[in-house]
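Data block for start.txt (compact mmCIF, C-alpha atoms):
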# COMPACT_ATOMS: atom_id res chain seq x y z
CA MET S 1051 113.56 67.05 75.41
CA PRO S 1052 111.09 67.53 78.26
CA ILE S 1053 110.82 71.17 79.34
CA GLU S 1054 109.31 71.60 82.77
CA PHE S 1055 106.82 74.44 83.09
CA ASN S 1056 106.48 75.94 86.56
CA PRO S 1057 102.81 76.99 86.60
CA SER S 1058 101.81 80.33 88.08
CA ARG S 1059 98.97 80.94 90.47
CA GLY S 1060 96.82 82.87 88.07
CA ALA S 1061 97.68 85.81 85.82
CA THR S 1062 100.50 87.18 87.98
CA LEU S 1063 102.75 89.86 86.55
CA GLY S 1064 106.40 90.73 86.20
CA VAL S 1065 107.76 93.71 84.26
CA GLU S 1066 111.27 94.43 82.97
CA TRP S 1067 112.06 98.04 82.02
CA GLU S 1068 115.32 98.96 80.25
CA LEU S 1069 116.38 102.52 81.14
CA GLN S 1070 118.75 104.85 79.33
CA LEU S 1071 121.57 106.59 81.20
CA ILE S 1072 121.86 110.07 79.67
CA ASP S 1073 124.50 112.72 80.30
CA THR S 1074 122.63 115.77 81.60
CA HIS S 1075 124.87 118.19 79.68
CA THR S 1076 125.63 116.48 76.36
CA ARG S 1077 122.31 114.59 76.25
CA ARG S 1078 124.18 111.58 74.90
CA LEU S 1079 124.24 108.16 76.48
CA ARG S 1080 126.62 107.65 79.39
CA GLN S 1081 128.38 104.32 79.90
CA ASP S 1082 127.94 104.41 83.69
CA ALA S 1083 125.89 101.32 84.50
CA ARG S 1084 128.68 99.59 86.41
CA GLN S 1085 129.32 102.59 88.68
CA ILE S 1086 125.65 103.30 89.34
CA LEU S 1087 124.78 99.67 90.10
CA ALA S 1088 127.71 99.51 92.50
CA GLU S 1089 126.13 102.36 94.47
CA VAL S 1090 122.75 100.62 94.85
CA PRO S 1091 123.66 97.21 96.32
CA ASP S 1092 120.21 97.09 97.90
CA LEU S 1093 118.84 96.79 94.34
CA SER S 1094 121.65 95.10 92.44
CA GLU S 1095 123.11 92.60 94.90
CA SER S 1096 120.07 91.16 96.64
CA ALA S 1097 118.99 87.54 96.27
CA ARG S 1098 116.50 88.68 93.62
CA PRO S 1099 118.07 91.80 92.06
CA LYS S 1100 115.73 94.65 91.15
CA ALA S 1101 118.33 96.48 88.99
CA MET S 1102 120.89 94.84 86.73
CA HIS S 1103 123.14 95.10 83.72
CA GLU S 1104 121.92 94.80 80.16
CA LEU S 1105 124.10 94.37 77.07
CA MET S 1106 125.38 97.96 77.00
CA GLN S 1107 126.84 100.03 79.84
CA SER S 1108 124.45 102.82 78.84
CA GLN S 1109 121.43 100.96 80.19
CA ILE S 1110 120.12 99.52 83.43
CA GLU S 1111 117.20 97.14 83.61
CA ILE S 1112 114.83 97.35 86.56
CA VAL S 1113 112.46 94.48 87.27
CA THR S 1114 109.49 93.96 89.55
CA ASP S 1115 108.81 91.28 92.08
CA ILE S 1116 105.85 89.02 91.32
CA CYS S 1117 102.82 91.34 91.21
CA HIS S 1118 99.10 90.75 90.93
CA THR S 1119 97.87 94.02 89.40
CA ALA S 1120 99.21 96.55 86.93
CA ALA S 1121 99.09 99.22 89.64
CA GLU S 1122 101.24 97.08 91.93
CA ALA S 1123 103.79 96.59 89.12
CA VAL S 1124 103.95 100.34 88.45
CA GLN S 1125 104.48 101.09 92.15
CA ASP S 1126 107.25 98.49 92.30
CA LEU S 1127 109.03 100.05 89.30
CA GLU S 1128 108.57 103.54 90.70
CA ARG S 1129 110.36 102.61 93.92
CA SER S 1130 113.37 101.27 92.00
CA LEU S 1131 113.33 104.29 89.71
CA THR S 1132 113.39 106.68 92.67
CA ARG S 1133 116.32 104.81 94.22
CA LEU S 1134 118.31 104.92 90.97
CA ARG S 1135 117.70 108.67 90.63
CA GLU S 1136 119.20 109.25 94.06
CA VAL S 1137 122.49 107.90 92.72
CA ALA S 1138 122.32 108.93 89.05
CA GLU S 1139 121.41 112.60 89.37
CA PRO S 1140 124.42 113.62 91.50
CA ARG S 1141 126.59 112.04 88.80
CA GLY S 1142 124.99 114.23 86.13
CA VAL S 1143 123.03 111.31 84.71
CA SER S 1144 119.35 111.51 83.78
CA LEU S 1145 117.06 108.54 83.15
CA ALA S 1146 114.78 108.02 80.18
CA CYS S 1147 113.39 105.23 78.04
CA THR S 1148 112.72 105.10 74.32
CA GLY S 1149 113.39 102.26 71.89
CA THR S 1150 116.54 103.98 70.63
CA HIS S 1151 118.41 107.09 71.70
CA ALA S 1152 117.87 109.88 69.19
CA ILE S 1153 121.46 111.14 68.83
CA SER S 1154 123.90 108.62 70.31
CA ASP S 1155 125.99 106.41 68.03
CA TRP S 1156 126.11 102.69 68.74
CA ARG S 1157 129.83 102.73 67.90
CA ASP S 1158 130.46 104.61 71.16
CA ALA S 1159 128.85 101.90 73.28
CA GLU S 1160 130.68 99.81 75.87
CA TYR S 1161 129.58 96.29 76.76
CA SER S 1162 128.59 95.15 80.21
CA PRO S 1163 131.08 92.92 82.07
CA MET S 1164 129.11 89.69 81.87
CA GLN S 1165 130.16 86.42 80.26
CA ARG S 1166 126.87 85.72 78.51
CA TYR S 1167 126.97 89.11 76.81
CA ALA S 1168 130.57 88.54 75.73
CA GLU S 1169 129.51 85.24 74.19
CA LEU S 1170 126.58 86.90 72.43
CA VAL S 1171 128.84 89.56 70.91
CA GLU S 1172 131.39 86.97 69.83
CA GLU S 1173 128.73 84.88 68.12
CA MET S 1174 126.57 87.60 66.57
CA GLN S 1175 129.28 90.14 65.70
CA TRP S 1176 127.82 93.20 63.91
CA LEU S 1177 124.26 92.18 64.76
CA ALA S 1178 125.12 92.43 68.46
CA TRP S 1179 127.50 95.41 68.22
CA ARG S 1180 124.67 97.74 67.28
CA ILE S 1181 122.00 96.56 69.76
CA GLN S 1182 121.90 99.88 71.55
CA THR S 1183 118.16 99.49 71.96
CA PHE S 1184 115.74 99.62 74.88
CA GLY S 1185 112.49 97.79 75.49
CA VAL S 1186 109.90 96.65 78.01
CA HIS S 1187 109.01 93.02 78.65
CA VAL S 1188 105.81 91.95 80.43
CA HIS S 1189 105.41 88.48 81.95
CA VAL S 1190 101.91 87.17 82.60
CA GLY S 1191 101.46 83.99 84.62
CA VAL S 1192 99.67 80.96 83.23
CA ARG S 1193 98.25 78.21 85.43
CA ASP S 1194 98.42 75.30 83.00
CA ARG S 1195 101.29 74.32 80.70
CA ASP S 1196 98.91 73.09 78.01
CA LYS S 1197 97.38 76.55 77.69
CA VAL S 1198 100.68 78.28 76.93
CA ILE S 1199 101.14 77.55 73.23
CA PRO S 1200 97.49 78.25 72.25
CA ILE S 1201 97.69 81.59 74.08
CA VAL S 1202 101.04 82.47 72.48
CA ASN S 1203 99.54 81.74 69.05
CA ALA S 1204 96.48 83.88 69.78
CA LEU S 1205 98.62 86.74 71.10
CA ALA S 1206 100.64 86.73 67.86
CA ALA S 1207 97.70 88.50 66.20
CA TYR S 1208 98.32 91.44 68.57
CA LEU S 1209 101.96 92.08 67.70
CA PRO S 1210 101.03 95.24 65.74
CA HIS S 1211 98.85 96.46 68.62
CA PHE S 1212 101.63 96.00 71.17
CA LEU S 1213 104.22 97.66 68.97
CA ALA S 1214 102.18 100.54 67.57
CA LEU S 1215 101.08 101.73 71.02
CA THR S 1216 104.72 101.91 72.14
CA THR S 1217 106.61 102.91 68.99
CA SER S 1218 109.34 105.21 70.27
CA SER S 1219 112.39 104.73 68.03
CA PRO S 1220 112.03 106.80 64.86
CA PHE S 1221 115.61 108.08 65.16
CA TRP S 1222 118.87 106.16 64.81
CA GLY S 1223 122.22 107.88 65.22
CA GLY S 1224 120.77 111.35 64.69
CA GLN S 1225 118.77 110.44 61.58
CA ASP S 1226 115.04 109.97 61.08
CA THR S 1227 114.73 106.42 59.77
CA GLY S 1228 111.26 106.91 58.33
CA LEU S 1229 110.13 104.06 60.59
CA ALA S 1230 108.00 104.23 63.69
CA SER S 1231 110.23 101.62 65.34
CA SER S 1232 113.83 101.21 64.23
CA ARG S 1233 114.36 99.06 67.33
CA ALA S 1234 112.08 96.38 65.86
CA ILE S 1235 114.45 96.12 62.90
CA VAL S 1236 117.72 96.29 64.84
CA PHE S 1237 116.79 93.71 67.46
CA GLY S 1238 114.69 91.67 65.06
CA ALA S 1239 117.78 90.99 62.93
CA LEU S 1240 119.05 88.45 65.47
CA PRO S 1241 118.57 84.96 64.04
CA THR S 1242 116.36 83.70 66.88
CA ALA S 1243 114.36 86.92 67.29
CA GLY S 1244 111.12 87.89 65.57
CA PRO S 1245 107.55 86.59 65.71
CA PRO S 1246 106.93 83.35 67.59
CA HIS S 1247 106.79 80.12 65.66
CA LEU S 1248 103.16 79.03 65.61
CA LEU S 1249 103.31 75.53 67.08
CA ALA S 1250 100.59 73.00 67.79
CA ASP S 1251 101.11 72.36 71.49
CA TRP S 1252 103.67 72.10 74.31
CA ALA S 1253 105.07 68.86 72.91
CA GLY S 1254 105.70 70.68 69.64
CA PHE S 1255 107.53 73.40 71.55
CA GLU S 1256 109.72 70.84 73.30
CA GLU S 1257 110.51 69.13 70.01
CA TYR S 1258 111.38 72.40 68.27
CA MET S 1259 113.69 73.52 71.09
CA GLU S 1260 115.42 70.14 71.06
CA THR S 1261 115.94 70.45 67.30
CA LEU S 1262 117.51 73.91 67.66
CA ILE S 1263 119.86 72.69 70.38
CA ARG S 1264 120.81 69.58 68.41
CA ALA S 1265 121.56 71.74 65.37
CA GLY S 1266 123.74 74.06 67.45
CA THR S 1267 121.52 77.05 66.70
CA ILE S 1268 121.08 77.71 70.43
CA LYS S 1269 122.67 76.42 73.63
CA SER S 1270 119.52 76.84 75.73
CA ILE S 1271 115.96 77.98 75.22
CA LYS S 1272 116.88 81.32 76.84
CA GLU S 1273 118.55 82.21 73.53
CA VAL S 1274 115.20 82.21 71.73
CA TRP S 1275 114.20 85.89 71.70
CA TRP S 1276 110.77 85.71 70.12
CA ASP S 1277 108.49 88.73 70.34
CA ILE S 1278 106.23 86.54 72.50
CA ARG S 1279 107.66 83.45 74.13
CA PRO S 1280 106.97 80.93 76.88
CA HIS S 1281 109.13 81.35 79.97
CA PRO S 1282 109.02 77.90 81.61
CA ASP S 1283 111.07 78.81 84.71
CA PHE S 1284 108.76 81.67 85.65
CA GLY S 1285 105.57 79.94 84.52
CA THR S 1286 104.72 82.89 82.29
CA ILE S 1287 104.17 84.08 78.78
CA GLU S 1288 106.63 86.89 78.11
CA ILE S 1289 105.57 89.66 75.74
CA ARG S 1290 108.72 91.30 74.38
CA MET S 1291 107.22 93.27 71.49
CA PHE S 1292 107.13 96.66 73.20
CA ASP S 1293 109.49 99.45 72.22
CA GLY S 1294 111.11 101.41 75.04
CA ILE S 1295 108.33 103.11 77.02
CA PRO S 1296 108.95 106.65 78.32
CA THR S 1297 106.34 106.99 81.09
CA LEU S 1298 105.12 104.86 83.97
CA ARG S 1299 101.58 105.53 82.79
CA GLU S 1300 102.29 103.79 79.51
CA VAL S 1301 104.10 100.93 81.24
CA GLY S 1302 100.99 100.43 83.32
CA MET S 1303 98.90 100.50 80.14
CA VAL S 1304 100.81 97.70 78.38
CA THR S 1305 100.92 95.68 81.60
CA ALA S 1306 97.14 95.92 81.89
CA LEU S 1307 96.65 95.15 78.20
CA SER S 1308 98.86 92.06 78.46
CA GLN S 1309 97.15 90.78 81.59
CA CYS S 1310 93.69 91.34 80.14
CA LEU S 1311 94.42 89.49 76.90
CA VAL S 1312 96.08 86.51 78.57
CA THR S 1313 93.24 86.29 81.11
CA GLN S 1314 90.59 86.47 78.41
CA PHE S 1315 92.24 83.71 76.38
CA ASP S 1316 92.77 81.59 79.49
CA GLN S 1317 89.08 81.85 80.36
CA GLN S 1318 88.03 81.05 76.80
CA LEU S 1319 90.08 77.85 76.95
CA ASP S 1320 88.36 76.97 80.23
CA ARG S 1321 85.02 77.31 78.44
CA GLY S 1322 86.12 74.92 75.71
CA TYR S 1323 86.76 77.46 72.97
CA LYS S 1324 89.49 76.97 70.40
CA LEU S 1325 91.64 80.08 70.28
CA PRO S 1326 92.36 81.80 66.95
CA SER S 1327 95.78 81.26 65.42
CA PRO S 1328 96.70 83.74 62.66
CA ALA S 1329 98.54 82.71 59.53
CA ALA S 1330 102.30 83.18 59.81
CA TRP S 1331 102.39 85.53 56.81
CA VAL S 1332 99.75 87.75 58.42
CA VAL S 1333 101.80 87.97 61.64
CA ARG S 1334 104.97 88.93 59.76
CA ASP S 1335 103.22 91.41 57.48
CA ASN S 1336 101.40 93.12 60.34
CA LYS S 1337 104.56 93.44 62.39
CA TRP S 1338 106.20 95.22 59.47
CA ARG S 1339 103.20 97.52 59.02
CA ALA S 1340 103.36 98.59 62.68
CA THR S 1341 107.15 98.95 62.45
CA ARG S 1342 106.79 101.30 59.50
CA TYR S 1343 103.63 103.22 60.26
CA GLY S 1344 102.94 102.79 63.99
CA LEU S 1345 99.39 103.75 64.95
CA ASP S 1346 98.70 104.83 61.35
CA ALA S 1347 99.13 101.26 60.09
CA VAL S 1348 96.40 99.51 58.18
CA VAL S 1349 96.69 95.87 59.20
CA VAL S 1350 95.59 92.56 57.75
CA THR S 1351 92.67 91.06 59.66
CA ASP S 1352 92.37 87.59 58.09
CA ASP S 1353 94.20 85.19 55.80
CA LYS S 1354 92.11 86.38 52.85
CA GLY S 1355 93.79 89.80 52.93
CA SER S 1356 91.05 91.93 54.51
CA THR S 1357 92.39 95.06 56.22
CA ALA S 1358 91.38 97.64 58.81
CA PRO S 1359 92.93 100.76 60.39
CA LEU S 1360 94.87 99.79 63.49
CA ARG S 1361 93.64 102.83 65.43
CA ASP S 1362 90.03 101.66 64.98
CA MET S 1363 90.97 98.16 66.08
CA LEU S 1364 92.65 99.50 69.21
CA TYR S 1365 89.60 101.54 70.19
CA GLU S 1366 87.46 98.42 69.76
CA LEU S 1367 89.93 96.28 71.68
CA GLN S 1368 89.88 98.66 74.62
CA ARG S 1369 86.08 98.50 74.80
CA GLU S 1370 86.15 94.71 74.47
CA LEU S 1371 88.60 94.34 77.35
CA GLU S 1372 87.00 96.81 79.76
CA PRO S 1373 84.94 94.13 81.60
CA VAL S 1374 88.08 91.99 82.00
CA ALA S 1375 90.02 95.02 83.23
CA ASP S 1376 87.31 95.80 85.79
CA ARG S 1377 87.58 92.28 87.20
CA LEU S 1378 91.40 92.45 87.29
CA GLY S 1379 91.45 95.91 88.88
CA CYS S 1380 93.35 97.55 86.01
CA ALA S 1381 90.65 99.65 84.35
CA ASP S 1382 92.50 102.92 85.03
CA GLU S 1383 95.73 101.59 83.54
CA LEU S 1384 93.96 100.24 80.44
CA ALA S 1385 92.22 103.62 79.97
CA VAL S 1386 95.61 105.23 79.22
CA LEU S 1387 95.29 103.54 75.82
CA SER S 1388 92.79 106.24 74.86
CA ASP S 1389 95.27 108.94 75.85
CA VAL S 1390 97.94 107.43 73.60
CA LEU S 1391 95.51 107.19 70.70
CA ASP S 1392 94.44 110.80 71.21
CA GLN S 1393 97.86 112.38 71.87
CA GLY S 1394 100.12 110.06 69.93
CA SER S 1395 102.65 107.37 70.67
CA SER S 1396 106.14 108.40 71.75
CA CYS S 1397 107.24 108.22 68.11
CA GLU S 1398 104.61 110.77 67.11
CA ARG S 1399 105.36 112.98 70.10
CA GLN S 1400 109.08 112.99 69.27
CA ARG S 1401 108.49 113.92 65.64
CA GLY S 1402 106.06 116.59 66.77
CA ILE S 1403 108.90 118.28 68.66
CA LEU S 1404 110.92 118.60 65.44
CA ALA S 1405 107.86 119.75 63.51
CA ALA S 1406 107.39 122.53 66.10
CA GLY S 1407 110.93 123.80 65.45
CA GLY S 1408 112.83 121.81 68.05
CA THR S 1409 116.04 119.83 67.74
CA LEU S 1410 116.99 116.24 68.48
CA GLU S 1411 118.49 117.50 71.73
CA ASP S 1412 115.02 118.84 72.55
CA VAL S 1413 113.66 115.37 71.78
CA VAL S 1414 116.04 113.86 74.34
CA ASP S 1415 115.07 116.52 76.89
CA ALA S 1416 111.41 115.70 76.31
CA THR S 1417 111.95 112.00 76.96
CA ILE S 1418 113.77 112.84 80.20
CA THR S 1419 110.86 115.07 81.22
CA GLU S 1420 108.29 112.43 80.35
CA LEU S 1421 109.91 109.89 82.65
CA ALA S 1422 110.64 112.35 85.45
CA GLN S 1423 107.14 113.85 85.48
CA ASP S 1424 105.14 110.88 84.13
CA ARG S 1425 103.37 112.97 81.51
CA PHE S 1426 103.32 113.29 77.74
CA VAL S 1427 105.27 116.11 76.09
CA THR S 1428 103.28 116.55 72.92
CA ALA S 1429 105.17 119.47 71.39
CA ARG S 1430 108.33 121.39 72.14
CA LYS S 1431 109.47 124.58 70.48
CA ALA S 1432 113.05 125.57 69.83
CA ASP S 1433 112.90 128.16 72.64
CA GLY S 1434 112.29 125.36 75.14
CA ALA S 1435 108.59 125.99 75.85
CA ASP S 1436 106.50 122.86 75.80
CA HIS S 1437 102.82 122.09 75.65
CA ALA S 1438 102.14 119.03 77.72
CA GLY S 1439 99.35 116.55 77.48
CA THR S 1440 97.93 114.64 80.43
Can the structure in the file be given as structure tokens, please?
Amino acid sequence: MPIEFNPSRGATLGVEWELQLIDTHTRRLRQDARQILAEVPDLSESARPKAMHELMQSQIEIVTDICHTAAEAVQDLERSLTRLREVAEPRGVSLACTGTHAISDWRDAEYSPMQRYAELVEEMQWLAWRIQTFGVHVHVGVRDRDKVIPIVNALAAYLPHFLALTTSSPFWGGQDTGLASSRAIVFGALPTAGPPHLLADWAGFEEYMETLIRAGTIKSIKEVWWDIRPHPDFGTIEIRMFDGIPTLREVGMVTALSQCLVTQFDQQLDRGYKLPSPAAWVVRDNKWRATRYGLDAVVVTDDKGSTAPLRDMLYELQRELEPVADRLGCADELAVLSDVLDQGSSCERQRGILAAGGTLEDVVDATITELAQDRFVTARKADGADHAGT
């Protein structure tokens, strides 16, 4: 089954950001997506919509146009965010983004009025009923179809890096799960989700997709929800590993990180290098380690079982990518990685609020503040006073 790949003109960018709609008074999710989208036809009804439904009525996804730098993508998202606030706030709805909502129950969710979501729910049943999760997807353009699979394979080694930096879903239905990312488990339970299959080349990808369609596992390749996947229509590699991200600063960070890695691998292929391809068991094991421990994970570094602290690897990765970031114009966005390592991922910041005497409602308030003010809330006391980071 030939799959046409529409090549991009370099490492262009597109970002998808799934936002929570939160009742300002109860702090629980509000099922108001249909009403809010109806009030922003300039975003939701254009030829290329910038705001749209997701599976649940408690979320709205905003997307960028094709961008060339991380800063451009952040500015694009900020414009859509500002427009949504103009409509949401008078309705008593606040916006936030974390991988899961700390106190809302998935049983209270309402589905969006779209046929493809109805079909998903009918097919997946309980697996789909509970997908009240939120994430960020980053597309990075690739110029040559034959580079896509080698780059996907190489990026698979960075699943724990992508996830640990953005872990933001320790709570599920008002309970601490003990995980850094419960979203990774909830969404990863779908039968075609999870780490990418490590294939040999584009022909192998075409053959595998044809096999899945022939078997009736999927109807189209859009139903393959790998953590990193080729997106032939857009001419991109889509990195879907990120938990919900609460600040624009952090969205810019993961956008820069994604663009830098894809660019570095693309250039290495141009120079005739063979890209590394980790063993499948290492990819699965490391994803679990980041899911459980976040930035505190100790990850496997080779197929012989060697390990290293993920925090140390992230510091080294940032230094390694700084020359690439300088050339791409995203050095400032990549530098936010150091702030996350120093002040904690969203998961750590949320748990810090409880450790300081706060409640889960305070956690929700903090995530609203983080998005509204684009800063980290690193602790919050029960009396409402907070100590903010940068």
Exercise. Given the choices S:Thr1217, S:Asp1115, S:His1211, S:Leu1079, which gets closest to S:Trp1156 if the distance is worked out from only C-alpha atoms?
Worked result: S:Leu1079
Exercise. With all atoms listed in the file as the atoms that count, which of S:Gly1355, S:Gly1191, S:Pro1210, S:Gly1228 lies nearest to S:Asn1336?
Worked result: S:Pro1210
Could the residues of stretch 1091-1175 of chain S that have an atom at most 8 Å from stretch 1229-1245 of chain S be listed as JSON lines, each with its closest atom pair and the distance in Å to one decimal, counting all atoms listed in the file and ordered by chain and ascending residue number?
{"residue": "S:Gly1149", "atom": "CA", "partner": "S:Arg1233", "partner_atom": "CA", "distance": 5.7}
{"residue": "S:Thr1150", "atom": "CA", "partner": "S:Arg1233", "partner_atom": "CA", "distance": 6.3}
{"residue": "S:Met1174", "atom": "CA", "partner": "S:Leu1240", "partner_atom": "CA", "distance": 7.6}
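For the set S:Glu1300, S:Thr1261, S:Ile1278, S:Trp1176, the residue with the smallest atom-to-atom gap to S:Arg1425 is S:Glu1300, counting all atoms listed in the file.
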Exercise. Which residues, written as an NGL selection string, have at least one atom at most 10 Å from S:Asp1155, with only C-alpha atoms counted and residues fewer than 6 positions away on the same chain left out?
Worked result: :S and (1078-1079 or 1180 or 1182 or 1222-1224)
Can you write just those residues out, C-alpha atoms, as a JSON list (two decimals), keeping the file's coordinate frame?
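What landed in selection39.json:
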[["chain", "number", "residue", "atom", "x", "y", "z"],
["S", 1078, "ARG", "CA", 124.18, 111.58, 74.90],
["S", 1079, "LEU", "CA", 124.24, 108.16, 76.48],
["S", 1180, "ARG", "CA", 124.67, 97.74, 67.28],
["S", 1182, "GLN", "CA", 121.90, 99.88, 71.55],
["S", 1222, "TRP", "CA", 118.87, 106.16, 64.81],
["S", 1223, "GLY", "CA", 122.22, 107.88, 65.22],
["S", 1224, "GLY", "CA", 120.77, 111.35, 64.69]]
Residues of stretch 1088-1197 of chain S within 10 Å of stretch 1213-1216 of chain S: nearest atom pair and distance (Å, one decimal) for each, counting all atoms listed in the file, sorted by chain and number, as a tab-separated table?
residue	atom	partner	partner_atom	distance
S:Thr1148	CA	S:Thr1216	CA	8.9
S:Gly1149	CA	S:Thr1216	CA	8.7
S:Gly1185	CA	S:Thr1216	CA	9.4
S:Val1186	CA	S:Thr1216	CA	9.4
Problem set entry | Coordinates-based distance that separates atom CA of S:Asp1293 from atom CA of S:Arg1084 (Å, one decimal) |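 Rounded to one decimal, the two atoms are 23.9 Å apart.
Among the candidate residues S:Asp1158, S:Arg1401, S:Glu1169, S:Asp1082, the one lying nearest to S:Val1137 is S:Asp1082, with distances computed using only C-alpha atoms.
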Exercise. Which neighbours of S:Gly1060 fall inside 9 Å, counting all atoms listed in the file, when residues of the same chain fewer than 3 positions from it are skipped, and could you give them as a list in words?
Worked result: Pro1057, His1118, Val1190, Gly1191, Val1192, Arg1193 and Thr1313 of chain S
For this session: Mind checking which residues fall within 9 Å of stretch 1097-1106 of chain S, counting only C-alpha atoms, ignoring those fewer than 5 positions away in the same chain, and posting them as JSON, numbers by chain?
Result: {"S": [1068, 1081, 1083, 1084, 1087, 1090, 1091, 1092, 1111, 1112, 1113, 1114, 1115, 1127, 1130, 1134, 1159, 1160, 1161, 1162, 1163, 1164, 1167, 1168, 1178, 1181, 1182, 1183]}
For this session: For atom CA of S:Ala1250 and atom CA of S:Ala1207, determine how far apart the two atoms are, in Å to one decimal place.
Result: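 Straight-line distance from atom CA of S:Ala1250 to atom CA of S:Ala1207 works out to 15.8 Å.
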Exercise. Looking at S:Asp1194, S:Glu1372, S:Glu1420, S:Asp1392, which one is nearest to S:Ile1287, with distances taken over only C-alpha atoms?
Worked result: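 For S:Ile1287, the nearest of the given residues is S:Asp1194.
Nearest-residue note for S:Val1124: choosing from S:Glu1066, S:Val1350, S:Leu1319, S:Leu1367, the minimum distance belongs to S:Glu1066, counting all atoms listed in the file.
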